[in-house]
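Listing of upload13.tsv, TSV, C-alpha atoms
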chain	number	residue	atom	x	y	z
A	1	MET	CA	67.79	106.27	-87.27
A	2	VAL	CA	64.60	105.92	-85.29
A	3	SER	CA	62.39	108.94	-85.68
A	4	GLN	CA	60.26	110.16	-82.84
A	5	ILE	CA	56.54	109.99	-83.61
A	6	GLN	CA	55.18	113.46	-83.13
A	7	TYR	CA	51.68	113.18	-84.53
A	8	THR	CA	48.48	111.38	-83.61
A	9	LYS	CA	45.86	109.57	-85.68
A	10	PRO	CA	43.23	112.35	-85.32
A	11	GLN	CA	45.82	114.88	-86.52
A	12	VAL	CA	46.64	112.80	-89.59
A	13	LEU	CA	42.94	112.32	-90.34
A	14	ARG	CA	42.47	116.10	-90.17
A	15	MET	CA	45.35	116.61	-92.62
A	16	LEU	CA	43.83	114.11	-95.02
A	17	VAL	CA	40.66	116.22	-95.36
A	18	ASP	CA	42.65	118.05	-98.03
A	19	VAL	CA	42.91	114.92	-100.18
A	20	ARG	CA	40.04	115.04	-102.65
A	21	ASP	CA	38.56	112.63	-105.14
A	22	PRO	CA	40.05	113.97	-108.40
A	23	GLU	CA	36.78	113.30	-110.27
A	24	ILE	CA	34.58	114.90	-107.60
A	25	PRO	CA	36.72	117.60	-106.00
A	26	VAL	CA	33.95	118.69	-103.60
A	27	LEU	CA	34.36	115.44	-101.65
A	28	SER	CA	37.33	114.32	-99.58
A	29	ILE	CA	38.42	110.67	-99.73
A	30	GLU	CA	37.05	110.33	-96.21
A	31	GLU	CA	33.59	111.60	-97.18
A	32	ILE	CA	33.36	109.31	-100.20
A	33	GLY	CA	34.34	106.35	-98.02
A	34	MET	CA	37.69	105.53	-99.61
A	35	LEU	CA	39.75	106.35	-96.52
A	36	ARG	CA	39.49	103.29	-94.28
A	37	ASP	CA	42.09	103.75	-91.55
A	38	VAL	CA	45.32	105.34	-90.40
A	39	VAL	CA	47.82	103.21	-88.51
A	40	ILE	CA	50.70	104.85	-86.67
A	41	ASP	CA	53.50	102.72	-85.26
A	42	GLU	CA	57.30	102.76	-84.96
A	43	ASN	CA	57.63	102.35	-88.75
A	44	GLY	CA	55.71	105.54	-89.36
A	45	CYS	CA	52.30	106.24	-90.72
A	46	GLU	CA	50.27	103.87	-92.88
A	47	VAL	CA	47.14	105.04	-94.68
A	48	ILE	CA	44.65	102.37	-95.73
A	49	ILE	CA	42.34	103.12	-98.64
A	50	THR	CA	39.82	101.16	-100.72
A	51	PRO	CA	38.83	101.81	-104.35
A	52	THR	CA	35.25	102.68	-105.27
A	53	TYR	CA	35.49	100.35	-108.27
A	54	THR	CA	38.19	97.68	-108.74
A	55	ALA	CA	39.67	99.55	-111.69
A	56	CYS	CA	39.26	103.08	-110.29
A	57	PRO	CA	41.89	104.95	-112.35
A	58	ALA	CA	42.22	107.65	-109.68
A	59	MET	CA	43.94	105.36	-107.16
A	60	ALA	CA	47.51	106.17	-108.20
A	61	MET	CA	46.77	109.89	-108.09
A	62	ILE	CA	45.09	109.63	-104.68
A	63	GLU	CA	48.09	107.72	-103.31
A	64	LYS	CA	50.41	110.42	-104.60
A	65	ASP	CA	48.19	113.15	-103.09
A	66	ILE	CA	48.14	111.41	-99.69
A	67	LYS	CA	51.94	111.18	-99.62
A	68	GLN	CA	52.35	114.79	-100.76
A	69	THR	CA	49.79	116.17	-98.30
A	70	LEU	CA	51.42	114.42	-95.36
A	71	ALA	CA	54.96	115.27	-96.55
A	72	ASP	CA	53.95	118.96	-96.63
A	73	GLN	CA	53.10	118.61	-92.93
A	74	GLY	CA	56.44	116.96	-92.17
A	75	ILE	CA	55.29	113.35	-92.11
A	76	ASP	CA	57.63	111.44	-94.37
A	77	VAL	CA	57.36	107.74	-93.68
A	78	VAL	CA	54.08	106.96	-95.36
A	79	LYS	CA	52.87	103.68	-96.75
A	80	VAL	CA	49.57	103.69	-98.62
A	81	THR	CA	47.86	100.30	-98.67
A	82	THR	CA	44.90	99.42	-100.88
A	83	VAL	CA	42.41	96.88	-99.53
A	84	PHE	CA	39.33	95.36	-101.22
A	85	ALA	CA	37.53	94.05	-98.13
A	86	PRO	CA	35.15	95.18	-96.85
A	87	ALA	CA	33.93	96.18	-100.29
A	88	TRP	CA	33.27	99.90	-100.68
A	89	SER	CA	29.63	100.91	-100.60
A	90	THR	CA	27.66	104.09	-101.27
A	91	ASP	CA	25.93	103.27	-97.98
A	92	TRP	CA	28.98	104.79	-96.28
A	93	MET	CA	28.11	108.26	-97.58
A	94	SER	CA	26.47	110.54	-95.03
A	95	GLU	CA	23.48	112.78	-95.83
A	96	ASP	CA	25.83	115.79	-95.77
A	97	THR	CA	28.04	114.11	-98.36
A	98	LYS	CA	25.07	113.37	-100.59
A	99	GLU	CA	23.98	117.02	-100.31
A	100	LYS	CA	27.46	118.13	-101.44
A	101	LEU	CA	27.17	115.81	-104.43
A	102	ARG	CA	23.80	117.33	-105.40
A	103	ALA	CA	25.13	120.87	-105.03
A	104	TYR	CA	28.00	119.88	-107.35
A	105	GLY	CA	25.50	118.68	-109.98
A	106	ILE	CA	25.60	114.93	-109.41
A	107	ALA	CA	22.41	113.15	-108.30
A	108	ALA	CA	23.16	111.19	-105.13
A	109	PRO	CA	22.67	107.42	-104.68
A	110	LEU	CA	19.06	106.81	-103.66
A	111	HIS	CA	18.83	103.58	-101.76
A	112	SER	CA	20.94	101.10	-99.93
A	113	THR	CA	23.59	99.02	-101.77
A	114	CYS	CA	23.56	98.08	-105.41
A	115	ASP	CA	20.65	96.69	-107.27
A	116	ALA	CA	20.73	97.28	-111.00
A	117	ALA	CA	17.04	96.44	-111.41
A	118	LYS	CA	15.97	98.73	-108.56
A	119	ASP	CA	18.16	101.50	-109.93
A	120	LYS	CA	16.34	101.34	-113.24
A	121	SER	CA	12.91	101.77	-111.61
A	122	SER	CA	14.02	104.51	-109.19
A	123	ILE	CA	12.93	108.11	-109.63
A	124	VAL	CA	16.08	110.18	-109.76
A	125	GLU	CA	15.69	113.90	-109.14
A	126	CYS	CA	17.44	116.33	-111.49
A	127	PRO	CA	20.20	118.07	-109.49
A	128	GLN	CA	19.75	121.26	-111.58
A	129	CYS	CA	15.99	121.95	-111.51
A	130	PHE	CA	14.81	119.26	-109.02
A	131	SER	CA	12.28	117.85	-111.47
A	132	THR	CA	11.44	114.18	-110.99
A	133	LYS	CA	10.68	113.76	-114.70
A	134	THR	CA	13.99	112.23	-115.65
A	135	THR	CA	15.04	109.37	-117.94
A	136	LEU	CA	17.88	106.89	-117.65
A	137	ILE	CA	20.08	107.12	-120.75
A	138	SER	CA	22.72	104.57	-119.73
A	139	GLN	CA	23.77	102.77	-116.56
A	140	PHE	CA	27.38	103.45	-117.54
A	141	GLY	CA	28.40	107.10	-117.52
A	142	SER	CA	31.41	109.40	-117.52
A	143	THR	CA	33.17	107.42	-114.78
A	144	ALA	CA	32.76	103.86	-113.47
A	145	CYS	CA	30.69	105.03	-110.48
A	146	LYS	CA	28.08	107.05	-112.39
A	147	ALA	CA	25.05	106.48	-114.62
A	148	LEU	CA	23.83	108.96	-117.23
A	149	TYR	CA	20.38	110.58	-117.00
A	150	ARG	CA	18.47	113.30	-118.85
A	151	CYS	CA	16.02	115.74	-117.27
A	152	GLU	CA	12.80	116.00	-119.30
A	153	LYS	CA	11.99	119.41	-117.80
A	154	CYS	CA	15.22	121.40	-118.14
A	155	LEU	CA	16.51	119.03	-120.87
A	156	GLU	CA	19.97	118.90	-119.26
A	157	PRO	CA	21.85	115.62	-119.08
A	158	PHE	CA	23.27	114.80	-115.66
A	159	ASP	CA	25.28	112.19	-113.77
A	160	TYR	CA	23.75	109.92	-111.13
A	161	PHE	CA	26.05	108.32	-108.57
A	162	LYS	CA	25.11	104.63	-108.80
A	163	CYS	CA	24.18	102.65	-105.71
A	164	HIS	CA	26.97	100.26	-104.93
B	1	MET	CA	44.16	74.55	-97.79
B	2	GLY	CA	45.00	73.43	-101.31
B	3	SER	CA	48.61	73.45	-102.42
B	4	LYS	CA	50.26	76.69	-103.47
B	5	GLU	CA	50.43	75.49	-107.10
B	6	GLN	CA	46.72	74.69	-107.16
B	7	LEU	CA	45.73	78.07	-105.74
B	8	PHE	CA	48.08	79.83	-108.19
B	9	LYS	CA	46.53	77.98	-111.12
B	10	TYR	CA	43.01	78.82	-109.98
B	11	LEU	CA	43.89	82.50	-109.58
B	12	LEU	CA	45.35	82.52	-113.09
B	13	ARG	CA	42.02	81.22	-114.39
B	14	LEU	CA	40.10	83.99	-112.59
B	15	GLY	CA	42.61	86.66	-113.61
B	16	ASP	CA	43.03	85.53	-117.22
B	17	ASN	CA	39.28	85.36	-117.79
B	18	ALA	CA	38.90	88.96	-116.68
B	19	LEU	CA	42.00	90.12	-118.56
B	20	ILE	CA	41.09	88.62	-121.93
B	21	GLN	CA	37.41	89.54	-121.61
B	22	GLY	CA	38.44	93.09	-120.67
B	23	HIS	CA	40.82	93.31	-123.63
B	24	ARG	CA	38.14	92.14	-126.07
B	25	LEU	CA	35.63	94.66	-124.69
B	26	SER	CA	38.21	97.45	-124.94
B	27	GLU	CA	38.29	96.84	-128.70
B	28	TRP	CA	34.87	98.57	-128.82
B	29	CYS	CA	36.32	101.83	-127.52
B	30	SER	CA	35.62	104.48	-130.23
B	31	ARG	CA	33.73	101.87	-132.32
B	32	GLY	CA	30.47	101.57	-130.36
B	33	PRO	CA	27.18	101.73	-132.30
B	34	ILE	CA	26.14	104.84	-130.33
B	35	LEU	CA	28.12	107.10	-128.02
B	36	GLU	CA	26.41	105.91	-124.82
B	37	GLU	CA	27.12	102.29	-125.72
B	38	ASP	CA	30.72	103.10	-126.55
B	39	ILE	CA	31.06	104.49	-123.02
B	40	ALA	CA	29.23	101.50	-121.51
B	41	LEU	CA	31.42	98.89	-123.24
B	42	SER	CA	34.57	100.78	-122.25
B	43	ASN	CA	33.31	100.85	-118.64
B	44	LEU	CA	32.73	97.09	-118.75
B	45	ALA	CA	36.26	96.65	-120.11
B	46	LEU	CA	37.70	98.77	-117.31
B	47	ASP	CA	35.89	96.79	-114.61
B	48	ASN	CA	37.28	93.56	-116.05
B	49	ILE	CA	40.82	94.88	-116.23
B	50	GLY	CA	40.58	96.02	-112.60
B	51	ARG	CA	39.37	92.58	-111.62
B	52	ALA	CA	42.25	90.99	-113.58
B	53	GLN	CA	44.70	93.23	-111.75
B	54	ALA	CA	43.32	92.17	-108.35
B	55	PHE	CA	43.41	88.43	-109.11
B	56	LEU	CA	46.81	88.49	-110.86
B	57	GLN	CA	48.26	90.58	-108.05
B	58	TYR	CA	47.17	87.92	-105.58
B	59	ALA	CA	48.42	85.18	-107.94
B	60	SER	CA	51.86	86.79	-108.02
B	61	GLU	CA	51.92	86.90	-104.19
B	62	VAL	CA	50.94	83.21	-103.98
B	63	GLU	CA	53.54	82.27	-106.61
B	64	GLY	CA	56.09	84.12	-104.48
B	65	ASN	CA	59.02	84.24	-106.86
B	66	GLY	CA	59.18	87.96	-107.42
B	67	HIS	CA	56.85	88.19	-110.42
B	68	THR	CA	54.39	91.08	-110.48
B	69	ALA	CA	50.81	91.15	-111.80
B	70	ASP	CA	52.19	92.85	-114.92
B	71	ASP	CA	54.73	90.06	-115.45
B	72	LEU	CA	51.89	87.55	-115.37
B	73	ALA	CA	49.78	89.57	-117.80
B	74	TYR	CA	52.50	90.51	-120.27
B	75	ARG	CA	55.25	87.89	-120.05
B	76	ARG	CA	53.44	84.58	-120.41
B	77	SER	CA	52.82	82.78	-123.68
B	78	GLU	CA	49.60	81.38	-125.09
B	79	ARG	CA	49.89	77.89	-123.59
B	80	GLN	CA	50.28	79.35	-120.10
B	81	TYR	CA	46.95	81.21	-120.25
B	82	LEU	CA	43.96	79.63	-118.53
B	83	ASN	CA	41.12	81.88	-119.71
B	84	PHE	CA	38.04	80.13	-121.09
B	85	LEU	CA	37.84	79.92	-124.89
B	86	ILE	CA	34.63	82.01	-124.90
B	87	THR	CA	36.51	85.08	-123.64
B	88	GLU	CA	39.00	85.04	-126.52
B	89	LEU	CA	36.43	84.69	-129.33
B	90	PRO	CA	36.61	87.71	-131.65
B	91	THR	CA	34.62	90.85	-130.87
B	92	GLY	CA	32.42	90.22	-133.93
B	93	ASN	CA	29.26	92.27	-134.48
B	94	PHE	CA	27.32	93.92	-131.66
B	95	ALA	CA	24.94	90.96	-131.22
B	96	TYR	CA	27.96	88.64	-130.97
B	97	THR	CA	29.52	90.77	-128.22
B	98	ILE	CA	26.20	91.01	-126.34
B	99	THR	CA	25.78	87.22	-126.51
B	100	LYS	CA	29.25	86.69	-125.05
B	101	GLN	CA	28.48	89.31	-122.40
B	102	LEU	CA	25.21	87.61	-121.45
B	103	PHE	CA	26.86	84.21	-121.04
B	104	ILE	CA	29.96	85.51	-119.24
B	105	ALA	CA	28.37	88.17	-117.00
B	106	GLN	CA	25.65	85.79	-115.76
B	107	TYR	CA	28.41	83.27	-115.04
B	108	ASP	CA	30.43	85.89	-113.16
B	109	VAL	CA	27.46	86.88	-110.97
B	110	ILE	CA	26.83	83.26	-109.96
B	111	LEU	CA	30.52	82.45	-109.54
B	112	PHE	CA	31.29	85.53	-107.42
B	113	GLU	CA	28.21	84.94	-105.26
B	114	ALA	CA	29.70	81.51	-104.48
B	115	LEU	CA	33.26	82.82	-104.10
B	116	CYS	CA	32.09	85.38	-101.49
B	117	LYS	CA	31.91	82.30	-99.26
B	118	SER	CA	35.36	80.97	-100.25
B	119	THR	CA	37.58	79.79	-97.39
B	120	ASP	CA	40.33	81.85	-99.01
B	121	THR	CA	39.59	85.28	-97.54
B	122	THR	CA	41.46	87.23	-100.24
B	123	ILE	CA	39.42	85.56	-102.99
B	124	ALA	CA	36.25	86.18	-100.96
B	125	GLY	CA	37.18	89.86	-100.59
B	126	ILE	CA	37.78	90.39	-104.31
B	127	ALA	CA	34.58	88.47	-105.14
B	128	ALA	CA	32.51	90.65	-102.78
B	129	LYS	CA	33.81	93.69	-104.62
B	130	ALA	CA	33.53	92.28	-108.15
B	131	ILE	CA	30.00	90.99	-107.77
B	132	LYS	CA	28.64	94.52	-107.42
B	133	GLU	CA	30.09	95.36	-110.81
B	134	ALA	CA	29.14	92.03	-112.38
B	135	ARG	CA	25.46	92.61	-111.52
B	136	TYR	CA	25.49	95.81	-113.59
B	137	HIS	CA	27.18	93.90	-116.43
B	138	ALA	CA	24.55	91.15	-116.39
B	139	SER	CA	21.74	93.71	-116.34
B	140	HIS	CA	23.30	95.55	-119.31
B	141	ALA	CA	23.56	92.32	-121.34
B	142	SER	CA	20.00	91.22	-120.47
B	143	ASP	CA	18.58	94.60	-121.53
B	144	TRP	CA	20.30	94.39	-124.90
B	145	CYS	CA	19.17	90.79	-125.44
B	146	LEU	CA	15.58	91.95	-124.97
B	147	ARG	CA	16.03	94.86	-127.35
B	148	LEU	CA	17.74	92.78	-130.03
B	149	GLY	CA	15.48	89.75	-129.60
B	150	MET	CA	12.25	91.78	-129.60
B	151	GLY	CA	13.51	94.38	-132.08
B	152	THR	CA	13.49	93.91	-135.85
B	153	ALA	CA	13.51	90.59	-137.68
B	154	LEU	CA	17.14	91.27	-138.56
B	155	SER	CA	18.25	91.95	-134.97
B	156	HIS	CA	16.31	88.92	-133.73
B	157	ASP	CA	17.88	86.60	-136.32
B	158	LEU	CA	21.37	87.96	-135.70
B	159	LEU	CA	21.01	87.36	-131.96
B	160	GLN	CA	19.59	83.85	-132.47
B	161	ASN	CA	22.51	83.03	-134.78
B	162	GLU	CA	25.12	84.23	-132.34
B	163	ILE	CA	23.47	82.37	-129.44
B	164	ASN	CA	23.57	79.17	-131.52
B	165	ASP	CA	27.19	79.77	-132.55
B	166	ILE	CA	28.65	80.58	-129.14
B	167	TRP	CA	26.67	77.96	-127.20
B	168	MET	CA	29.36	75.32	-127.81
B	169	PHE	CA	31.81	77.38	-125.75
B	170	THR	CA	29.60	77.69	-122.64
B	171	GLY	CA	30.03	74.15	-121.29
B	172	GLU	CA	33.72	74.72	-120.63
B	173	MET	CA	32.91	77.28	-117.91
B	174	PHE	CA	31.40	74.47	-115.82
B	175	GLU	CA	33.94	71.74	-116.52
B	176	MET	CA	35.01	70.10	-113.24
B	177	THR	CA	38.74	69.59	-113.77
B	178	GLU	CA	40.98	67.78	-111.27
B	179	LEU	CA	41.88	71.20	-109.92
B	180	ASP	CA	38.22	72.06	-109.29
B	181	LYS	CA	37.56	68.75	-107.57
B	182	ASP	CA	40.48	69.39	-105.21
B	183	LEU	CA	39.65	73.02	-104.47
B	184	VAL	CA	35.98	72.23	-103.79
B	185	GLN	CA	37.15	69.90	-101.00
B	186	PHE	CA	38.92	72.78	-99.32
B	187	GLY	CA	35.99	75.14	-99.80
B	188	ILE	CA	38.10	77.45	-101.94
B	189	SER	CA	35.98	77.20	-105.09
B	190	PRO	CA	32.37	76.11	-105.71
B	191	ASP	CA	30.98	72.96	-107.32
B	192	LEU	CA	30.48	74.06	-110.92
B	193	THR	CA	27.81	71.47	-111.69
B	194	ILE	CA	25.51	73.23	-109.21
B	195	LEU	CA	26.38	76.59	-110.73
B	196	GLN	CA	25.57	75.30	-114.21
B	197	ASN	CA	21.92	74.64	-113.31
B	198	ILE	CA	21.50	78.13	-111.85
B	199	TRP	CA	23.17	79.63	-114.92
B	200	LEU	CA	20.89	77.71	-117.31
B	201	ASP	CA	17.84	79.01	-115.42
B	202	LYS	CA	19.01	82.63	-115.49
B	203	VAL	CA	20.21	82.68	-119.09
B	204	GLY	CA	17.20	80.62	-120.19
B	205	SER	CA	14.73	83.09	-118.67
B	206	VAL	CA	16.40	86.08	-120.40
B	207	LEU	CA	16.39	84.26	-123.75
B	208	ILE	CA	12.75	83.19	-123.45
B	209	LYS	CA	11.72	86.78	-122.68
B	210	SER	CA	13.74	87.88	-125.71
B	211	GLY	CA	11.92	85.45	-128.00
B	212	ILE	CA	15.10	83.43	-128.55
B	213	GLN	CA	15.22	79.65	-128.59
B	214	LEU	CA	17.61	77.93	-126.22
B	215	PRO	CA	20.03	75.71	-128.14
B	216	GLY	CA	19.82	72.03	-127.19
B	217	GLN	CA	22.61	69.92	-125.77
B	218	GLY	CA	25.31	69.72	-128.39
B	219	TYR	CA	29.05	69.32	-128.80
B	220	GLN	CA	30.99	71.42	-126.29
B	221	GLN	CA	34.51	72.62	-127.06
B	222	THR	CA	36.99	72.62	-124.18
B	223	GLY	CA	40.77	72.81	-123.85
B	224	SER	CA	41.67	76.08	-122.14
B	225	GLN	CA	42.38	74.46	-118.78
B	226	GLN	CA	45.12	72.42	-120.44
B	227	GLY	CA	46.39	75.56	-122.18
B	228	ILE	CA	44.93	74.54	-125.55
B	229	HIS	CA	43.34	77.66	-127.04
B	230	THR	CA	41.62	78.74	-130.23
B	231	GLU	CA	43.68	80.49	-132.90
B	232	HIS	CA	42.41	83.83	-131.59
B	233	LEU	CA	44.40	84.01	-128.34
B	234	GLY	CA	47.79	84.26	-130.04
B	235	HIS	CA	46.56	87.28	-132.00
B	236	ILE	CA	45.26	88.97	-128.85
B	237	LEU	CA	48.57	88.44	-127.06
B	238	SER	CA	50.64	89.71	-129.96
B	239	GLU	CA	48.78	93.02	-129.68
B	240	MET	CA	48.34	93.15	-125.91
B	241	GLN	CA	51.94	92.20	-125.10
B	242	TYR	CA	53.64	94.09	-127.91
B	243	LEU	CA	54.98	96.94	-125.80
B	244	GLN	CA	56.45	94.77	-123.03
B	245	ARG	CA	57.99	92.41	-125.58
B	246	ALA	CA	59.51	95.20	-127.68
B	247	TYR	CA	60.60	97.31	-124.71
B	248	PRO	CA	60.99	94.98	-121.71
B	249	ASP	CA	60.49	96.74	-118.34
B	250	ALA	CA	59.08	99.89	-119.97
B	251	THR	CA	57.15	101.92	-117.39
B	252	TRP	CA	55.07	105.09	-117.49
Now that the file is in, can you turn its structure into structure tokens?
Amino acid sequence: MVSQIQYTKPQVLRMLVDVRDPEIPVLSIEEIGMLRDVVIDENGCEVIITPTYTACPAMAMIEKDIKQTLADQGIDVVKVTTVFAPAWSTDWMSEDTKEKLRAYGIAAPLHSTCDAAKDKSSIVECPQCFSTKTTLISQFGSTACKALYRCEKCLEPFDYFKCH
Amino acid sequence: MGSKEQLFKYLLRLGDNALIQGHRLSEWCSRGPILEEDIALSNLALDNIGRAQAFLQYASEVEGNGHTADDLAYRRSERQYLNFLITELPTGNFAYTITKQLFIAQYDVILFEALCKSTDTTIAGIAAKAIKEARYHASHASDWCLRLGMGTALSHDLLQNEINDIWMFTGEMFEMTELDKDLVQFGISPDLTILQNIWLDKVGSVLIKSGIQLPGQGYQQTGSQQGIHTEHLGHILSEMQYLQRAYPDATW
């Protein structure tokens, strides 16, 4: 049976605002840059996503959430495709997105693309007390995309979203 | 375009290197010297396993006989693995792991930089993604080399020992096999002799800064590209493949 397509790409994109990064629930997959495209044709609706890191363990959950969110709105034929190119970058985050990260307690990526050496020499502001007296504890933190810092003023440890 | 068999074999090399390296690193999980390092080594393991998944997924598509990435990871035997010997060496002490990491991560950075320009666009896409992670891995290993090399007499001597011991497994990473010679012609993979000089420069400069002497030219052990491995690979596979062998087709 051929189903009549009764939705448009902008509508689907609006529905997908409800799909969040499970590790950072204040951001949608669109804001974080994982949602790459929506293709609607006679076969139905295809959602194209890209992982932040190659082994991002949230991918299966995000795929499930996309299918569920669209099914709730009556869109059944959904294929979720994962692509690696172009490689995801923190450069795709808008200033608004970075502000949401900070408000959530995660220091936002400071400069363009990844540079481990530059990251080490960067001054990362504490998202709790805004002090710039902070120390890198480890470039590998609670998830693949974050580094671990400590604030020397409020003494709180915090996550920094690595440039990538 | 190389033949399908050649491309498949090359993808197995890329995938198996990441898989076995990732498995070895995962052995540190809950055994790290400090909590932060435990997390770091587990992160490195995860990145490698993700990379293995990407390359083996593509390998299974190229092979085209219905195998999945999981079949390739869990249903092959030792002789069918094409990972370099250095990746299967035991985890050893922390200095031993850091030495392996330095050699392998610096190699990955240089290799992926070259593979970003591969005429195979899928390989180029995975390389462009993986290089971002590999740069963090190389930086992590270099930092620890400095700390161990410039630390106590004990840490310095341990590091120097491990560098001397593992050196004989580094040459294999640059061996130009018949497969490499063919794939270079098609622009799929890079000329490894050029990569070797860049690698020696990079690794050499980290070791000099760490107060470690570069081992001279010596005997180099090879064999992995003919499926001839050290005694360690069989033990890794017996653990890694246990579940799929005991309960074929088990899923979550």
Inset, instruction - Tell me which protein, DNA and RNA residues are within 9 Å of stretch 40-52 of chain A, counting only C-alpha atoms, leaving out same-chain ones fewer than 3 positions away, and put them as a PyMOL selection string. - result: chain A and resi 2-5+7-9+12+29+32-37+55-56+58-59+63+66+75-90+144-145+164
Inset, instruction - Up to 7 Å from chain A, what residues of chain B turn up? Count all atoms listed in the file and give them as a PyMOL selection string. - result: chain B and resi 36+39-40+43+46-47+49-51+125-126+128-129+132+135-136+139
Legend entry - 12 Å contact set for B:Glu172, all atoms listed in the file, chain neighbours under 5 positions out, as a PyMOL selection string: chain B and resi 82-87+103-104+107+166-167+177+192-193+196+219-226+229
Inset, instruction - Find the distance between atom CA of B:Ile188 and atom CA of B:Leu11 and write it in Å to one decimal. - result: 10.8 Å
Inset, instruction - Using only C-alpha atoms, give me every residue within 10 Å of (28.7, 86.9, -129.4) in file coordinates, as a count of residues only. - result: 26
Legend entry - Point (18.0, 90.5, -120.8), cut-off 9 Å, counting only C-alpha atoms, residues as number ranges by chain: B: 102, 138-147, 203, 205-207, 209-210
So which residues touch B:Ala250 within 12 Å, counting all atoms listed in the file, skipping near sequence neighbours fewer than 2 positions away, as an mmCIF file with C-alpha atoms, keeping the file's coordinate frame?
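File produced: out.cif:
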data_model
loop_
_atom_site.group_PDB
_atom_site.id
_atom_site.type_symbol
_atom_site.label_atom_id
_atom_site.label_comp_id
_atom_site.auth_asym_id
_atom_site.auth_seq_id
_atom_site.Cartn_x
_atom_site.Cartn_y
_atom_site.Cartn_z
ATOM 1 C CA ASP B 70 52.190 92.850 -114.920
ATOM 2 C CA ASP B 71 54.730 90.060 -115.450
ATOM 3 C CA TYR B 74 52.500 90.510 -120.270
ATOM 4 C CA GLN B 241 51.940 92.200 -125.100
ATOM 5 C CA TYR B 242 53.640 94.090 -127.910
ATOM 6 C CA LEU B 243 54.980 96.940 -125.800
ATOM 7 C CA GLN B 244 56.450 94.770 -123.030
ATOM 8 C CA ARG B 245 57.990 92.410 -125.580
ATOM 9 C CA ALA B 246 59.510 95.200 -127.680
ATOM 10 C CA TYR B 247 60.600 97.310 -124.710
ATOM 11 C CA PRO B 248 60.990 94.980 -121.710
ATOM 12 C CA TRP B 252 55.070 105.090 -117.490
#
Legend entry - Atomic separation - atom CA of A:Arg20 relative to atom CA of A:Val124, Å: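 A separation of 25.5 Å between them.
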